[in-house]
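Engineer: My questions all concern the structure below.
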Amino acid sequence: MAYLEDKIQQVQDKTLRDILLAEVKKLKKEKKFGLVFEEHVPELVPMYSATVRPRTTVALKDGDLLETFRVNRIKDGSAFLSKDADGGECVYPLDKLVVVQRFGEAIYPALIPMATVKNGGERPFHTLIEADNYHVLQLLEYLYASQVDCIYIDPPYNSGSKDWKYNNDYVDKNDRWRHSKWLAFMERRLWLAKRLLNPADSTLIVAIDDNELFTLGLLLDDVFKGCDKQIVNVTINPKGKARDGRLSQVDEYLIVVYMGDAQAQEISVESSEVEVRWPYLRRSDVESARGTIKGGIRQFYPIYVDERSERIVAIGKPLSPEQSLECVPNVEGAVPVFPIRDDGKHMNWGLIGPSLQNAIDLGFVRVSKSSNEYQPYNFSYITVPTIQKVKDGIYRIGGVKEDGSKLVVIPGGKAQKGTTAWKKNLHDANYYGSQVVGTFIQDRKFPFPKSIYAVFDTLQLFLANKPNALLVDFFAGSGTTLHALNLLNSVDGGQRRCILVTNNEVSADEAKVLQEQGLKPGNAEYEKHGICQSVTWPRSKYTILGKREDGTLLSGDYLIGSTITKDKRRTFKQIGFIDKAQFTTAARKKELAALLDGIPQSKINKDTAFFVDETETKSVLFDDVCADVYLAALDDMTHIETFYVVTANNALFNRLKDAINESLGPLQVSEDEKRPLSAGFEVNLAYFKLDFLDPDEVQLGRQFAALVPILWLMAGAKGACPDADDSKPFFIPERCPFAVLLDEHCFLSFKQVLQTRPDISHVFLVTHSEEGFFSMRDELDAGLQVTQLYKNYLDRFKINTE
């Protein structure tokens, strides 16, 4: 209907036009919204940089973009306009008008360089393009058709809160056609997105909430017929966002469309090699000796070691306290080993037989020779109840495995990444979205940016095995996608490249204030308040450099999803103000234990001279006379963090402290690995603004400079985008892998220069003759990508004609 209304507006006869519009109005009252929507609602684009000329279509900068005029003539800084043949003329100053281009009318694009950040050496450039995304998608289709590995977009949610514009007007909840407008708006862009994606192996990921979740799903079914799709539930606001008369909203959604063989990757958890102390398998605390109540009867048994290979070949049955060592059966070629101390005292093993066998099977036990005549072999091990062997070489849930002379610490698993329900604190859009953006852009606000870690996890899931992927986000907003991709590349060493596209809209409230100040869209003072210039670009720049425009370093750290092991000092506390003679009863010792956090009273009795336990991280020495026995009991108790010593003897306390540190070494703890924001990223970024050229100048071939950035992008955005130079017969910029032959009569010289540039990958030949083009192409190396450009070369890049 809207398409029909648009055509009716062009009817010259006013009476006939009014009759047709009245009939259409009746038809619209009967329309029911459902799967059918206004597929042809026209979109127009204001071209603020275009010169107002006779015969161009214009609109008022602060008026309705749909109310257009035809320029009849220009005189003394004013334009004489007509709306229809019998409506007469009206006159407006030129500075109040903007050229308007309808969809379907040819546009000649140009990329105007705005700024660059070079912080990545010879790495390819990410690209930020300020423009209406529809026209950029048309341009990208020419450059990268079927080459994009992933498109991640966070489009406007159409919540009715003026979060997006259609034909330069904000769409609010009172617009009865807002769903149709949104679907028409999205459909055009999704068809272009589909043509960008690699049909054999790529993904489209759309972030959305429940306002358009169901309609978007139907639209994607229509555009991406035959492709598998999934919906992922992501908790982004654990506290919940209030909805009047509705349930509080805590989550949003990702709709994932799988093209071809695309699949979610199993994320390999980063490992870190560290030196770790292996505790002895033999118990050392006297309270765990053979035959004691604590020691039990299941942990005294023989372990058989092959004398040639020095490997464990069998585990015997437990012996009761009454049984002698001689009663165990022999295993040919192996020696039975028991947990016996140097002084001959019988202890216990730290694991029962089945647990030890499990540890052996997982590779968490190692054997070494011993000088102990009673125990000729020592066994050290890593506790394994929290370790799960997923498959050969892959362990999850936390712990360590042996890898030569070192250990590889395996961080906890990330099970939520393999499901369609993500509930993770780092996905909180307030803490890791709004507050993160506020760290970079302190004087601006951007509504509802995504958590950088939510986007990081999404990209990692689908691009983990594509280190050189090309990613496109044509609803770039604050720039979270590029930020997350830079973090991903820094974590796994990837060279993925991102193309961001965003308009430069100003919020509704701010636009009103600026217009009251006499500023109009297209004016530099107005445009600097737009999202691209005030948020997307500075955020991208600051995060790459690690500092703001004034040179102040960014504060804080990234959490990059892996763990590292660090040394931590153990804690020693002297209790010298209490007379140890008072501790003659269990009750008094329990009273002290109650004051010492982490010492369980249930394990303290009258005869307890000290408390040491394999499961507790705190220890206490009640009687300093037993200091040496206490030290022996602490042997290999590397898990203990805090030591309480009841003694008034400072020298003894210091001696115990030094001895424990010497025996146990520093405490080793795992923590999240962090990357300082101030470190920035070793990447490059080029910022362009999409502009539109005068068709007359295009025909005269005067706009080579406007073409160079497009050719540079087509060649992979490698090396800084060069300045144009059409004064010579060919253009071969340094450090960029493309070349342009401007004068076909100089082909032989051009060919000779190409032979000295093995880095060239793309060649553009300017000629009207197809025969001449193929002849020259056949003389060039077969590995080059060769493209024909015509004399009026920008016709090759004409867009908006469909």
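Chain labels follow the order of the structure tokens: the first chain is A, the next B, and so on; residue numbering restarts at 1 in every chain, and ligands are counted from 1 in their shown order.
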Hey, what's within 10 Å of Arg123 of chain A if we count only C-alpha atoms and toss same-chain stuff fewer than 5 positions away? As a ChimeraX atom specification, please?
Structural biologist: /A:118,495-497,682-685,717-720
Engineer: List every residue of segment 583-734 of chain A that DSSP, applied to the backbone of this structure, assigns to alpha helix (DSSP H), and report them as an MDAnalysis selection string.
Structural biologist: chainID A and resid 586:595 627:633 650:664 695:699 704:714
Engineer: Can you write out the residues you just picked, keeping N, CA and C atoms, as a short mmCIF file (atom, residue, chain, number, x, y, z; two decimals), in the first residue's frame?
Structural biologist:
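Generated output (out14.cif):
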data_model
loop_
_atom_site.label_atom_id
_atom_site.label_comp_id
_atom_site.auth_asym_id
_atom_site.auth_seq_id
_atom_site.Cartn_x
_atom_site.Cartn_y
_atom_site.Cartn_z
N ALA A 586 39.83 -30.20 76.81
CA ALA A 586 39.28 -30.09 75.45
C ALA A 586 38.42 -28.84 75.32
N ALA A 587 37.71 -28.49 76.40
CA ALA A 587 36.80 -27.35 76.34
C ALA A 587 37.56 -26.06 76.05
N ARG A 588 38.75 -25.86 76.73
CA ARG A 588 39.51 -24.63 76.51
C ARG A 588 40.07 -24.59 75.08
N LYS A 589 40.49 -25.74 74.60
CA LYS A 589 41.02 -25.76 73.23
C LYS A 589 39.91 -25.49 72.22
N LYS A 590 38.72 -26.02 72.47
CA LYS A 590 37.60 -25.76 71.57
C LYS A 590 37.20 -24.28 71.59
N GLU A 591 37.32 -23.65 72.78
CA GLU A 591 37.02 -22.23 72.88
C GLU A 591 37.94 -21.42 71.97
N LEU A 592 39.24 -21.78 71.99
CA LEU A 592 40.17 -21.08 71.12
C LEU A 592 39.87 -21.38 69.65
N ALA A 593 39.55 -22.63 69.35
CA ALA A 593 39.23 -23.01 67.97
C ALA A 593 38.03 -22.23 67.46
N ALA A 594 37.08 -21.96 68.35
CA ALA A 594 35.89 -21.20 67.95
C ALA A 594 36.26 -19.78 67.52
N LEU A 595 37.35 -19.25 68.09
CA LEU A 595 37.79 -17.90 67.73
C LEU A 595 38.62 -17.88 66.46
N ALA A 627 56.64 -28.64 68.70
CA ALA A 627 56.90 -27.92 67.45
C ALA A 627 57.51 -28.82 66.38
N ASP A 628 58.49 -29.66 66.77
CA ASP A 628 59.15 -30.50 65.77
C ASP A 628 58.21 -31.55 65.20
N VAL A 629 57.39 -32.15 66.08
CA VAL A 629 56.41 -33.12 65.60
C VAL A 629 55.39 -32.42 64.68
N TYR A 630 55.04 -31.21 65.05
CA TYR A 630 54.11 -30.40 64.24
C TYR A 630 54.69 -30.19 62.83
N LEU A 631 55.98 -29.86 62.78
CA LEU A 631 56.63 -29.66 61.48
C LEU A 631 56.58 -30.94 60.66
N ALA A 632 56.82 -32.08 61.28
CA ALA A 632 56.79 -33.36 60.56
C ALA A 632 55.38 -33.64 60.03
N ALA A 633 54.38 -33.29 60.82
CA ALA A 633 52.99 -33.53 60.41
C ALA A 633 52.59 -32.64 59.22
N ASN A 650 59.03 -15.64 70.70
CA ASN A 650 59.12 -15.04 69.37
C ASN A 650 60.12 -15.77 68.48
N ALA A 651 61.24 -16.17 69.07
CA ALA A 651 62.27 -16.87 68.29
C ALA A 651 61.73 -18.18 67.74
N LEU A 652 60.98 -18.91 68.59
CA LEU A 652 60.40 -20.16 68.15
C LEU A 652 59.38 -19.93 67.04
N PHE A 653 58.56 -18.90 67.19
CA PHE A 653 57.57 -18.58 66.17
C PHE A 653 58.24 -18.30 64.83
N ASN A 654 59.29 -17.48 64.85
CA ASN A 654 59.99 -17.15 63.61
C ASN A 654 60.67 -18.37 63.00
N ARG A 655 61.21 -19.25 63.88
CA ARG A 655 61.84 -20.46 63.36
C ARG A 655 60.82 -21.37 62.69
N LEU A 656 59.65 -21.51 63.31
CA LEU A 656 58.59 -22.32 62.71
C LEU A 656 58.12 -21.72 61.38
N LYS A 657 58.00 -20.42 61.36
CA LYS A 657 57.55 -19.75 60.13
C LYS A 657 58.53 -20.02 58.99
N ASP A 658 59.84 -19.86 59.26
CA ASP A 658 60.84 -20.09 58.22
C ASP A 658 60.87 -21.55 57.80
N ALA A 659 60.74 -22.45 58.77
CA ALA A 659 60.80 -23.88 58.46
C ALA A 659 59.61 -24.31 57.60
N ILE A 660 58.43 -23.79 57.91
CA ILE A 660 57.23 -24.14 57.13
C ILE A 660 57.33 -23.60 55.71
N ASN A 661 57.78 -22.35 55.60
CA ASN A 661 57.95 -21.78 54.26
C ASN A 661 58.97 -22.57 53.45
N GLU A 662 60.05 -22.99 54.13
CA GLU A 662 61.08 -23.78 53.44
C GLU A 662 60.53 -25.13 53.01
N SER A 663 59.73 -25.74 53.86
CA SER A 663 59.22 -27.07 53.58
C SER A 663 58.11 -27.07 52.53
N LEU A 664 57.18 -26.16 52.67
CA LEU A 664 56.00 -26.17 51.80
C LEU A 664 56.12 -25.26 50.59
N PRO A 695 26.59 12.91 -10.47
CA PRO A 695 26.64 12.06 -11.67
C PRO A 695 27.38 12.71 -12.83
N ASP A 696 27.28 14.05 -12.94
CA ASP A 696 27.98 14.72 -14.04
C ASP A 696 29.48 14.55 -13.92
N GLU A 697 30.00 14.65 -12.71
CA GLU A 697 31.43 14.50 -12.52
C GLU A 697 31.86 13.05 -12.71
N VAL A 698 30.97 12.13 -12.39
CA VAL A 698 31.28 10.72 -12.61
C VAL A 698 31.47 10.47 -14.10
N GLN A 699 30.59 11.01 -14.92
CA GLN A 699 30.69 10.79 -16.35
C GLN A 699 31.97 11.39 -16.93
N PHE A 704 38.57 9.86 -9.31
CA PHE A 704 39.42 8.71 -9.02
C PHE A 704 39.71 8.60 -7.52
N ALA A 705 39.87 9.75 -6.85
CA ALA A 705 40.18 9.73 -5.42
C ALA A 705 39.08 9.05 -4.62
N ALA A 706 37.84 9.19 -5.08
CA ALA A 706 36.72 8.56 -4.38
C ALA A 706 36.72 7.05 -4.56
N LEU A 707 37.39 6.59 -5.62
CA LEU A 707 37.41 5.17 -5.92
C LEU A 707 38.49 4.41 -5.16
N VAL A 708 39.60 5.08 -4.85
CA VAL A 708 40.75 4.40 -4.25
C VAL A 708 40.41 3.66 -2.96
N PRO A 709 39.69 4.26 -1.99
CA PRO A 709 39.36 3.49 -0.78
C PRO A 709 38.53 2.24 -1.06
N ILE A 710 37.69 2.30 -2.10
CA ILE A 710 36.88 1.13 -2.45
C ILE A 710 37.77 0.02 -2.98
N LEU A 711 38.72 0.37 -3.84
CA LEU A 711 39.66 -0.62 -4.36
C LEU A 711 40.52 -1.18 -3.23
N TRP A 712 40.93 -0.32 -2.32
CA TRP A 712 41.74 -0.73 -1.16
C TRP A 712 41.00 -1.76 -0.31
N LEU A 713 39.71 -1.52 -0.08
CA LEU A 713 38.89 -2.48 0.68
C LEU A 713 38.78 -3.80 -0.06
N MET A 714 38.59 -3.71 -1.36
CA MET A 714 38.42 -4.93 -2.16
C MET A 714 39.68 -5.79 -2.11
#
Engineer: Find, counting only C-alpha atoms, the residue in A:Glu5, A:Asp251, A:Lys798, A:Ala524 that gets nearest to Ile19 of chain A.
Structural biologist: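 Among A:Glu5, A:Asp251, A:Lys798, A:Ala524, it is A:Glu5 that comes nearest to Ile19 of chain A.
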Engineer: Could you list, as a list of chain:residue names, every residue within 10 Å of Ser534 of chain A, counting only C-alpha atoms and ignoring same-chain residues fewer than 3 positions away?
Structural biologist: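 The neighbour list is A:Ile441, A:Asp443, A:Arg444, A:Lys445, A:Phe446, A:Ser478, A:Asn504, A:Val506, A:Glu527, A:Lys528, A:His529, A:Gly530, A:Ile531, A:Trp537, A:Pro538, A:Arg539.
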Engineer: Since we have the selection now, will you write its residues out, keeping C-alpha atoms, as a tab-separated table (two decimals), in the first residue's frame?
Structural biologist:
chain	number	residue	atom	x	y	z
A	441	ILE	CA	33.50	7.87	26.80
A	443	ASP	CA	30.99	12.67	28.71
A	444	ARG	CA	28.58	10.69	26.53
A	445	LYS	CA	25.96	8.02	27.10
A	446	PHE	CA	24.87	5.23	24.82
A	478	SER	CA	28.77	1.89	20.28
A	504	ASN	CA	25.51	9.18	12.81
A	506	VAL	CA	21.58	12.12	17.20
A	527	GLU	CA	27.11	15.97	13.25
A	528	LYS	CA	29.80	15.83	15.94
A	529	HIS	CA	27.04	14.87	18.42
A	530	GLY	CA	26.04	11.85	16.34
A	531	ILE	CA	26.66	8.31	17.54
A	537	TRP	CA	34.88	6.15	16.71
A	538	PRO	CA	36.33	7.42	20.01
A	539	ARG	CA	35.57	4.14	21.80
Engineer: Could you check how far atom CA of Leu213 of chain A sits from atom CA of Pro199 of chain A, in Å to one decimal?
Structural biologist: 24.2 Å
Engineer: Give the strand (DSSP E) residues of segment 456-594 of chain A, as DSSP finds them on the backbone, and put them as a PDB file with N, CA, C and O atoms, in the first residue's frame.
Structural biologist:
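That gives us result_8.pdb:
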ATOM      1  N   LEU A 470      36.428 -12.868   8.279  1.00  0.00           N
ATOM      2  CA  LEU A 470      35.913 -11.528   7.997  1.00  0.00           C
ATOM      3  C   LEU A 470      34.552 -11.413   8.673  1.00  0.00           C
ATOM      4  O   LEU A 470      33.642 -12.202   8.403  1.00  0.00           O
ATOM      5  N   LEU A 471      34.415 -10.419   9.538  1.00  0.00           N
ATOM      6  CA  LEU A 471      33.196 -10.203  10.328  1.00  0.00           C
ATOM      7  C   LEU A 471      32.587  -8.860   9.951  1.00  0.00           C
ATOM      8  O   LEU A 471      33.307  -7.869   9.783  1.00  0.00           O
ATOM      9  N   VAL A 472      31.266  -8.819   9.814  1.00  0.00           N
ATOM     10  CA  VAL A 472      30.560  -7.573   9.493  1.00  0.00           C
ATOM     11  C   VAL A 472      29.485  -7.322  10.534  1.00  0.00           C
ATOM     12  O   VAL A 472      28.757  -8.240  10.923  1.00  0.00           O
ATOM     13  N   ASP A 473      29.413  -6.069  10.999  1.00  0.00           N
ATOM     14  CA  ASP A 473      28.325  -5.627  11.882  1.00  0.00           C
ATOM     15  C   ASP A 473      27.792  -4.334  11.296  1.00  0.00           C
ATOM     16  O   ASP A 473      28.458  -3.303  11.335  1.00  0.00           O
ATOM     17  N   ARG A 497      39.264  -9.846  10.809  1.00  0.00           N
ATOM     18  CA  ARG A 497      39.054  -8.450  10.419  1.00  0.00           C
ATOM     19  C   ARG A 497      37.576  -8.107  10.537  1.00  0.00           C
ATOM     20  O   ARG A 497      36.710  -8.945  10.272  1.00  0.00           O
ATOM     21  N   CYS A 498      37.305  -6.882  10.927  1.00  0.00           N
ATOM     22  CA  CYS A 498      35.928  -6.443  11.185  1.00  0.00           C
ATOM     23  C   CYS A 498      35.586  -5.221  10.345  1.00  0.00           C
ATOM     24  O   CYS A 498      36.416  -4.307  10.195  1.00  0.00           O
ATOM     25  N   ILE A 499      34.376  -5.217   9.807  1.00  0.00           N
ATOM     26  CA  ILE A 499      33.830  -4.030   9.139  1.00  0.00           C
ATOM     27  C   ILE A 499      32.611  -3.588   9.935  1.00  0.00           C
ATOM     28  O   ILE A 499      31.629  -4.329  10.053  1.00  0.00           O
ATOM     29  N   LEU A 500      32.691  -2.395  10.509  1.00  0.00           N
ATOM     30  CA  LEU A 500      31.592  -1.809  11.269  1.00  0.00           C
ATOM     31  C   LEU A 500      30.874  -0.781  10.409  1.00  0.00           C
ATOM     32  O   LEU A 500      31.519  -0.008   9.697  1.00  0.00           O
ATOM     33  N   VAL A 501      29.552  -0.753  10.507  1.00  0.00           N
ATOM     34  CA  VAL A 501      28.755   0.251   9.803  1.00  0.00           C
ATOM     35  C   VAL A 501      27.741   0.820  10.781  1.00  0.00           C
ATOM     36  O   VAL A 501      27.036   0.074  11.462  1.00  0.00           O
ATOM     37  N   THR A 502      27.692   2.135  10.871  1.00  0.00           N
ATOM     38  CA  THR A 502      26.678   2.779  11.706  1.00  0.00           C
ATOM     39  C   THR A 502      26.355   4.143  11.147  1.00  0.00           C
ATOM     40  O   THR A 502      27.203   4.789  10.506  1.00  0.00           O
ATOM     41  N   ASP A 557      40.782  -3.787  33.910  1.00  0.00           N
ATOM     42  CA  ASP A 557      41.334  -4.974  33.263  1.00  0.00           C
ATOM     43  C   ASP A 557      40.250  -5.701  32.489  1.00  0.00           C
ATOM     44  O   ASP A 557      39.073  -5.645  32.840  1.00  0.00           O
ATOM     45  N   TYR A 558      40.664  -6.393  31.432  1.00  0.00           N
ATOM     46  CA  TYR A 558      39.800  -7.350  30.760  1.00  0.00           C
ATOM     47  C   TYR A 558      39.946  -8.705  31.447  1.00  0.00           C
ATOM     48  O   TYR A 558      41.043  -9.078  31.875  1.00  0.00           O
ATOM     49  N   LEU A 559      38.860  -9.447  31.535  1.00  0.00           N
ATOM     50  CA  LEU A 559      38.894 -10.836  31.984  1.00  0.00           C
ATOM     51  C   LEU A 559      38.850 -11.691  30.724  1.00  0.00           C
ATOM     52  O   LEU A 559      37.852 -11.678  30.010  1.00  0.00           O
ATOM     53  N   ILE A 560      39.929 -12.400  30.450  1.00  0.00           N
ATOM     54  CA  ILE A 560      40.060 -12.997  29.124  1.00  0.00           C
ATOM     55  C   ILE A 560      39.726 -14.478  29.084  1.00  0.00           C
ATOM     56  O   ILE A 560      40.012 -15.154  28.114  1.00  0.00           O
ATOM     57  N   GLY A 561      39.110 -15.012  30.159  1.00  0.00           N
ATOM     58  CA  GLY A 561      38.548 -16.352  30.075  1.00  0.00           C
ATOM     59  C   GLY A 561      39.480 -17.501  30.387  1.00  0.00           C
ATOM     60  O   GLY A 561      39.120 -18.647  30.204  1.00  0.00           O
ATOM     61  N   SER A 562      40.697 -17.230  30.848  1.00  0.00           N
ATOM     62  CA  SER A 562      41.595 -18.313  31.229  1.00  0.00           C
ATOM     63  C   SER A 562      42.126 -18.037  32.627  1.00  0.00           C
ATOM     64  O   SER A 562      41.928 -16.950  33.175  1.00  0.00           O
ATOM     65  N   THR A 563      42.787 -19.016  33.205  1.00  0.00           N
ATOM     66  CA  THR A 563      43.312 -18.852  34.548  1.00  0.00           C
ATOM     67  C   THR A 563      44.826 -18.981  34.546  1.00  0.00           C
ATOM     68  O   THR A 563      45.414 -19.618  33.671  1.00  0.00           O
ATOM     69  N   ILE A 564      45.443 -18.366  35.529  1.00  0.00           N
ATOM     70  CA  ILE A 564      46.877 -18.489  35.722  1.00  0.00           C
ATOM     71  C   ILE A 564      47.135 -18.852  37.180  1.00  0.00           C
ATOM     72  O   ILE A 564      46.291 -18.620  38.044  1.00  0.00           O
ATOM     73  N   THR A 565      48.280 -19.452  37.427  1.00  0.00           N
ATOM     74  CA  THR A 565      48.653 -19.835  38.786  1.00  0.00           C
ATOM     75  C   THR A 565      49.732 -18.884  39.296  1.00  0.00           C
ATOM     76  O   THR A 565      50.720 -18.624  38.614  1.00  0.00           O
ATOM     77  N   LYS A 566      49.507 -18.350  40.481  1.00  0.00           N
ATOM     78  CA  LYS A 566      50.443 -17.400  41.081  1.00  0.00           C
ATOM     79  C   LYS A 566      50.850 -17.870  42.469  1.00  0.00           C
ATOM     80  O   LYS A 566      50.103 -18.581  43.147  1.00  0.00           O
ATOM     81  N   ASP A 567      52.046 -17.441  42.868  1.00  0.00           N
ATOM     82  CA  ASP A 567      52.495 -17.706  44.226  1.00  0.00           C
ATOM     83  C   ASP A 567      51.856 -16.713  45.185  1.00  0.00           C
ATOM     84  O   ASP A 567      51.760 -15.519  44.898  1.00  0.00           O
ATOM     85  N   LYS A 568      51.415 -17.232  46.336  1.00  0.00           N
ATOM     86  CA  LYS A 568      50.800 -16.394  47.350  1.00  0.00           C
ATOM     87  C   LYS A 568      51.438 -16.724  48.693  1.00  0.00           C
ATOM     88  O   LYS A 568      51.664 -17.895  49.024  1.00  0.00           O
ATOM     89  N   THR A 571      49.924 -17.353  55.480  1.00  0.00           N
ATOM     90  CA  THR A 571      49.674 -16.445  56.611  1.00  0.00           C
ATOM     91  C   THR A 571      50.058 -17.122  57.927  1.00  0.00           C
ATOM     92  O   THR A 571      49.666 -18.270  58.179  1.00  0.00           O
ATOM     93  N   PHE A 572      50.826 -16.410  58.742  1.00  0.00           N
ATOM     94  CA  PHE A 572      51.241 -16.920  60.065  1.00  0.00           C
ATOM     95  C   PHE A 572      50.776 -15.932  61.137  1.00  0.00           C
ATOM     96  O   PHE A 572      51.027 -14.722  61.017  1.00  0.00           O
ATOM     97  N   LYS A 573      50.105 -16.452  62.177  1.00  0.00           N
ATOM     98  CA  LYS A 573      49.602 -15.603  63.248  1.00  0.00           C
ATOM     99  C   LYS A 573      50.054 -16.159  64.596  1.00  0.00           C
ATOM    100  O   LYS A 573      49.763 -17.308  64.941  1.00  0.00           O
ATOM    101  N   GLN A 574      50.775 -15.329  65.333  1.00  0.00           N
ATOM    102  CA  GLN A 574      51.277 -15.734  66.647  1.00  0.00           C
ATOM    103  C   GLN A 574      50.266 -15.347  67.714  1.00  0.00           C
ATOM    104  O   GLN A 574      49.790 -14.213  67.760  1.00  0.00           O
ATOM    105  N   ILE A 575      49.920 -16.323  68.536  1.00  0.00           N
ATOM    106  CA  ILE A 575      49.016 -16.071  69.664  1.00  0.00           C
ATOM    107  C   ILE A 575      49.875 -16.139  70.925  1.00  0.00           C
ATOM    108  O   ILE A 575      50.061 -17.208  71.520  1.00  0.00           O
TER     109      ILE A 575
END
Engineer: Which residues come within 9 Å of Phe300 of chain A, counting only C-alpha atoms, excluding same-chain residues fewer than 5 positions away, as a ChimeraX atom specification?
Structural biologist: /A:290-291,295,317-321,338-339,346-349,352
Engineer: Please provide the set of residues having any atom within 10 Å of segment 133-135 of chain A, restricted to only C-alpha atoms, with same-chain residues fewer than 5 positions apart removed, written as a ChimeraX atom specification.
Structural biologist: /A:43,45,103,107,109,140-141,185-186,188-190,192-193,473-476,500-503,690,799-800
Engineer: Rounded to one decimal in Å, what is the spacing between atom CA of Arg311 of chain A and atom CA of Phe379 of chain A?
Structural biologist: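 For atom CA of Arg311 of chain A relative to atom CA of Phe379 of chain A, the distance reads 10.5 Å.
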Engineer: Please, what distance in Å, to one decimal, runs between atom CA of His639 of chain A and atom CA of Lys618 of chain A?
Structural biologist: 9.0 Å
Engineer: Return the single residue from A:Glu516, A:Asp492, A:Asp743, A:Glu525 that is closest to Asp726 of chain A, with distances computed using only C-alpha atoms.
Structural biologist: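 Counting only C-alpha atoms, the residue closest to Asp726 of chain A is A:Asp743.
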Engineer: Looking at only C-alpha atoms, which of A:Val148, A:Leu4, A:Val98, A:Leu16 is the one that sits closest to Pro521 of chain A?
Structural biologist: A:Val98
